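Notes for the one structure printed next.
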Amino acid sequence: MFVKNSQSEAALKLVLMLDQHADGLPMDYMEYQRGEILINKGEYYGAIVAYLKFISNFRSPSLKKDAYYKISLCYWLLNKPDLARQNFEMAKKTGREVAEPDKYAARQLSENQFPNIKILRVRFFTDGGYYKEAREVLQTIIPADLITLKDQTEYYYRKARLAHKTGELPVAKLFYQQSIDMTGENPWYFAPNSALQLGYIAQTQKDKVLAKKYFEKALSYKRHEYKNSIDSKAKSALEQLNN
């Protein structure tokens, strides 16, 4: 719950507490969570160790594609392109595409290129609740860093996410809408999740009509990596509005 709620520091305290108790059954999945926490924190070597331990010990193939992909991203962020590419190729051959993190990884792997380093840092810092660090990286991004339309769109999406999480709702609404407009017909999750978040904001502001409009818009997108979870959240929100 802490990881999902952008509270990586609180999550890390619990993981370290578990480390002190060796009794009972092994919890191999916790190494995946440790990797998620550490990659958000910017401790890329520690994340690599955790992901590798998870891959070695976890019996199910689920999340292993994502774990190898995240290892490749760690090396990419550490400026080790050869090791990044090696694990990138390993991710293509590993696991299956059932869990949504694996589906997302598969989509990125199919593009056969690494993401923009600065935007990637912003994404991880924001996901982990390291908002000061995320803002500092955002301030270093210049137009020359944003070569593709996808990078330009994600830049505004990341600005929206950071503003939303830090309570700057007018700014978040502006950049969410810009993300939707720039995504257009492209199969990126930036637009559907922006619509979902705009629905949540409208819901908190007691504007049920606008909230319904945005939740329905989130459902209207046909192809993107997080369709199952975003659709589920939008449907649940619509049910709450109808009740």
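Naming works like this for the structure tokens: A, B, ... for the chains as they're shown, residue 1 at the start of each chain, ligands 1 onward in shown order.
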
Task: Residues near segment 132-138 of chain A, cut-off 7 Å, only C-alpha atoms, skip fewer than 3 positions along chain, as a PyMOL selection string - done: chain A and resi 118+122+125-126+141

Convert the current residue selection to file output with C-alpha atoms, as a compact mmCIF listing (two decimals), in the first residue's frame.
```
# COMPACT_ATOMS: atom_id res chain seq x y z
CA LYS A 118 15.62 12.72 -17.43
CA VAL A 122 11.23 12.20 -12.83
CA PHE A 125 11.16 9.96 -8.08
CA THR A 126 7.49 10.96 -8.36
CA ILE A 141 14.83 19.57 -18.90
```

Task: Contacts of Val3 of chain A at 8 Å (only C-alpha atoms; same-chain gap of 3+ positions) as a count of residues only - done: 8

Open item on the list: I'd like to know which of A:Leu162, A:Leu63, A:Ala172, A:Met1 is closest to Arg96 of chain A, using only C-alpha atoms.
Closed with: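 Closest candidate: A:Leu63.
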
May I have a table of the residues of segment 1-108 of chain A lying at most 7 Å from segment 223-241 of chain A, giving each one's closest pair of atoms and their distance in Å to one decimal, counting only C-alpha atoms, ordered by chain and ascending residue number, as a Markdown table?
```
| residue | atom | partner | partner_atom | distance |
| --- | --- | --- | --- | --- |
| A:Glu100 | CA | A:Tyr226 | CA | 6.3 |
| A:Lys103 | CA | A:Glu225 | CA | 6.1 |
| A:Tyr104 | CA | A:Glu225 | CA | 5.1 |
```

- [ ] Find the residue from A:Phe124, A:Pro61, A:Gln20, A:Tyr221 that sits nearest to Pro187 of chain A; use only C-alpha atoms when measuring.
- [x]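 Among A:Phe124, A:Pro61, A:Gln20, A:Tyr221, it is A:Tyr221 that comes nearest to Pro187 of chain A.
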
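Restricting the calculation to only C-alpha atoms, the smallest distance between Tyr130 of chain A and any of A:Lys217, A:Thr166, A:Lys173, A:Tyr51 is found for A:Thr166.
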
TODO: For Ala163 of chain A, work out the shell of residues within 10 Å, counting only C-alpha atoms and skipping chain neighbours fewer than 2 positions away, then give it as a ChimeraX atom specification.
DONE: /A:126,131,135,157-161,165-176

Residues from the last selection, N, CA and C atoms, saved as a compact mmCIF listing (two decimals), in the first residue's frame:
```txt
# COMPACT_ATOMS: atom_id res chain seq x y z
N THR A 126 8.89 10.63 -8.66
CA THR A 126 7.49 10.96 -8.36
C THR A 126 6.75 9.75 -7.83
N TYR A 131 9.44 14.05 -4.15
CA TYR A 131 8.95 15.14 -4.98
C TYR A 131 9.99 16.24 -5.19
N ARG A 135 11.21 17.39 -8.87
CA ARG A 135 11.12 18.78 -9.33
C ARG A 135 12.48 19.29 -9.79
N TYR A 157 2.83 15.10 -18.94
CA TYR A 157 2.15 14.13 -18.07
C TYR A 157 2.87 14.04 -16.73
N ARG A 158 4.19 13.98 -16.75
CA ARG A 158 4.95 13.89 -15.50
C ARG A 158 4.79 15.18 -14.68
N LYS A 159 4.73 16.32 -15.36
CA LYS A 159 4.49 17.57 -14.64
C LYS A 159 3.10 17.54 -13.98
N ALA A 160 2.13 16.98 -14.69
CA ALA A 160 0.79 16.86 -14.13
C ALA A 160 0.77 15.96 -12.91
N ARG A 161 1.44 14.80 -13.00
CA ARG A 161 1.45 13.86 -11.89
C ARG A 161 2.11 14.49 -10.65
N LYS A 165 0.18 15.26 -7.09
CA LYS A 165 0.60 14.63 -5.85
C LYS A 165 1.04 15.66 -4.80
N THR A 166 1.39 16.86 -5.25
CA THR A 166 1.81 17.89 -4.30
C THR A 166 0.70 18.92 -4.07
N GLY A 167 -0.51 18.60 -4.53
CA GLY A 167 -1.66 19.43 -4.22
C GLY A 167 -1.85 20.67 -5.07
N GLU A 168 -1.10 20.79 -6.16
CA GLU A 168 -1.25 21.95 -7.06
C GLU A 168 -2.28 21.61 -8.13
N LEU A 169 -3.56 21.58 -7.76
CA LEU A 169 -4.60 21.06 -8.64
C LEU A 169 -4.83 21.88 -9.91
N PRO A 170 -4.82 23.22 -9.87
CA PRO A 170 -5.00 23.96 -11.12
C PRO A 170 -3.90 23.64 -12.14
N VAL A 171 -2.67 23.52 -11.66
CA VAL A 171 -1.55 23.18 -12.55
C VAL A 171 -1.71 21.75 -13.07
N ALA A 172 -2.09 20.84 -12.19
CA ALA A 172 -2.28 19.45 -12.59
C ALA A 172 -3.35 19.33 -13.67
N LYS A 173 -4.47 20.03 -13.48
CA LYS A 173 -5.56 19.98 -14.46
C LYS A 173 -5.09 20.49 -15.82
N LEU A 174 -4.34 21.55 -15.82
CA LEU A 174 -3.83 22.12 -17.07
C LEU A 174 -2.95 21.12 -17.82
N PHE A 175 -2.02 20.50 -17.10
CA PHE A 175 -1.07 19.60 -17.75
C PHE A 175 -1.70 18.24 -18.08
N TYR A 176 -2.66 17.78 -17.30
CA TYR A 176 -3.39 16.56 -17.67
C TYR A 176 -4.11 16.77 -19.01
```

TODO: Please provide as a list in words all residues within 8 Å of Ile117 of chain A, with the sequence filter that same-chain residues fewer than 3 positions apart are discarded (counting only C-alpha atoms).
DONE: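 My list of contacting residues is Trp76, Leu77, Leu120 and Arg121 of chain A.
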
TODO: For Gln152 of chain A, work out the shell of residues within 10 Å, counting only C-alpha atoms and skipping chain neighbours fewer than 4 positions away, then give it as an MDAnalysis selection string.
DONE: chainID A and resid 119 143 145:148 156:157 179 182:183

Suppose we keep N, CA and C atoms; can you now write the selection as a short mmCIF file (atom, residue, chain, number, x, y, z; two decimals), in the first residue's frame?
```
data_model
loop_
_atom_site.label_atom_id
_atom_site.label_comp_id
_atom_site.auth_asym_id
_atom_site.auth_seq_id
_atom_site.Cartn_x
_atom_site.Cartn_y
_atom_site.Cartn_z
N ILE A 119 13.34 12.18 -18.06
CA ILE A 119 11.93 11.92 -17.78
C ILE A 119 11.78 10.65 -16.94
N PRO A 143 13.94 22.12 -24.10
CA PRO A 143 13.32 21.61 -25.33
C PRO A 143 14.19 20.65 -26.13
N ASP A 145 16.01 18.39 -25.08
CA ASP A 145 15.96 17.05 -24.48
C ASP A 145 14.75 16.25 -24.95
N LEU A 146 13.77 16.94 -25.52
CA LEU A 146 12.49 16.31 -25.86
C LEU A 146 12.36 16.22 -27.38
N ILE A 147 12.95 15.18 -27.93
CA ILE A 147 13.05 15.06 -29.39
C ILE A 147 11.76 14.55 -30.00
N THR A 148 11.15 13.54 -29.39
CA THR A 148 9.97 12.89 -29.97
C THR A 148 8.68 13.43 -29.38
N TYR A 156 4.82 16.61 -20.12
CA TYR A 156 3.67 17.30 -19.51
C TYR A 156 2.88 16.38 -18.60
N TYR A 157 2.83 15.10 -18.94
CA TYR A 157 2.15 14.13 -18.07
C TYR A 157 2.87 14.04 -16.73
N SER A 179 -1.72 16.71 -21.81
CA SER A 179 -1.30 15.34 -22.10
C SER A 179 -2.34 14.64 -22.97
N MET A 182 -2.16 16.12 -26.56
CA MET A 182 -0.95 15.75 -27.30
C MET A 182 -0.91 14.26 -27.63
N THR A 183 -1.54 13.44 -26.80
CA THR A 183 -1.55 12.00 -27.07
C THR A 183 -2.32 11.68 -28.34
#
```

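When only C-alpha atoms are used to compute distances to Ile48 of chain A, the closest of the residues A:Asn243, A:Gln177, A:Ser72, A:Asn186 turns out to be A:Ser72.
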
Open item on the list: Using only C-alpha atoms, which protein or nucleic acid residues come within 7 Å of Ser194 of chain A? Drop anything in the same chain fewer than 2 positions from it, and give the result as a count of residues only.
Closed with: 9

- [ ] Assign secondary structure with DSSP using the backbone only, and return the residues of segment 55-87 of chain A in alpha helix (DSSP H) as an MDAnalysis selection string.
- [x] chainID A and resid 55:57 64:77 81:87

Write the residues you've just listed into a file as a PDB file, in the first residue's frame, and include C-alpha atoms for each of them.
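Result file out-v3.pdb:
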```
ATOM      1  CA  ILE A  55      14.184 -13.544 -10.454  1.00  0.00           C
ATOM      2  CA  SER A  56      16.324 -16.332  -8.996  1.00  0.00           C
ATOM      3  CA  ASN A  57      13.928 -17.356  -6.234  1.00  0.00           C
ATOM      4  CA  LYS A  64      10.110 -11.454 -14.321  1.00  0.00           C
ATOM      5  CA  LYS A  65       9.884  -9.692 -17.677  1.00  0.00           C
ATOM      6  CA  ASP A  66       9.307  -6.452 -15.822  1.00  0.00           C
ATOM      7  CA  ALA A  67      12.134  -7.199 -13.383  1.00  0.00           C
ATOM      8  CA  TYR A  68      14.662  -7.697 -16.192  1.00  0.00           C
ATOM      9  CA  TYR A  69      13.336  -4.590 -17.918  1.00  0.00           C
ATOM     10  CA  LYS A  70      13.762  -2.592 -14.700  1.00  0.00           C
ATOM     11  CA  ILE A  71      17.330  -3.950 -14.353  1.00  0.00           C
ATOM     12  CA  SER A  72      18.039  -2.685 -17.868  1.00  0.00           C
ATOM     13  CA  LEU A  73      16.640   0.717 -16.877  1.00  0.00           C
ATOM     14  CA  CYS A  74      18.853   0.789 -13.791  1.00  0.00           C
ATOM     15  CA  TYR A  75      21.937   0.226 -15.931  1.00  0.00           C
ATOM     16  CA  TRP A  76      20.669   2.816 -18.412  1.00  0.00           C
ATOM     17  CA  LEU A  77      20.369   5.347 -15.586  1.00  0.00           C
ATOM     18  CA  PRO A  81      24.560   1.067 -21.996  1.00  0.00           C
ATOM     19  CA  ASP A  82      26.103  -2.355 -22.718  1.00  0.00           C
ATOM     20  CA  LEU A  83      24.700  -3.921 -19.547  1.00  0.00           C
ATOM     21  CA  ALA A  84      21.440  -2.064 -20.138  1.00  0.00           C
ATOM     22  CA  ARG A  85      21.080  -3.579 -23.616  1.00  0.00           C
ATOM     23  CA  GLN A  86      22.076  -7.047 -22.364  1.00  0.00           C
ATOM     24  CA  ASN A  87      19.270  -7.080 -19.790  1.00  0.00           C
TER      25      ASN A  87
END
```

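Of the residues under consideration (A:Ala91, A:Ala50, A:Leu12, A:Met17), A:Ala50 shows the shortest atom-to-atom contact distance to Tyr29 of chain A when counting only C-alpha atoms.
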
Open item on the list: Counting only C-alpha atoms, which residue out of A:Gly95, A:Leu149, A:Gly129, A:Tyr44 sits closest to Asn5 of chain A?
Closed with: A:Gly129
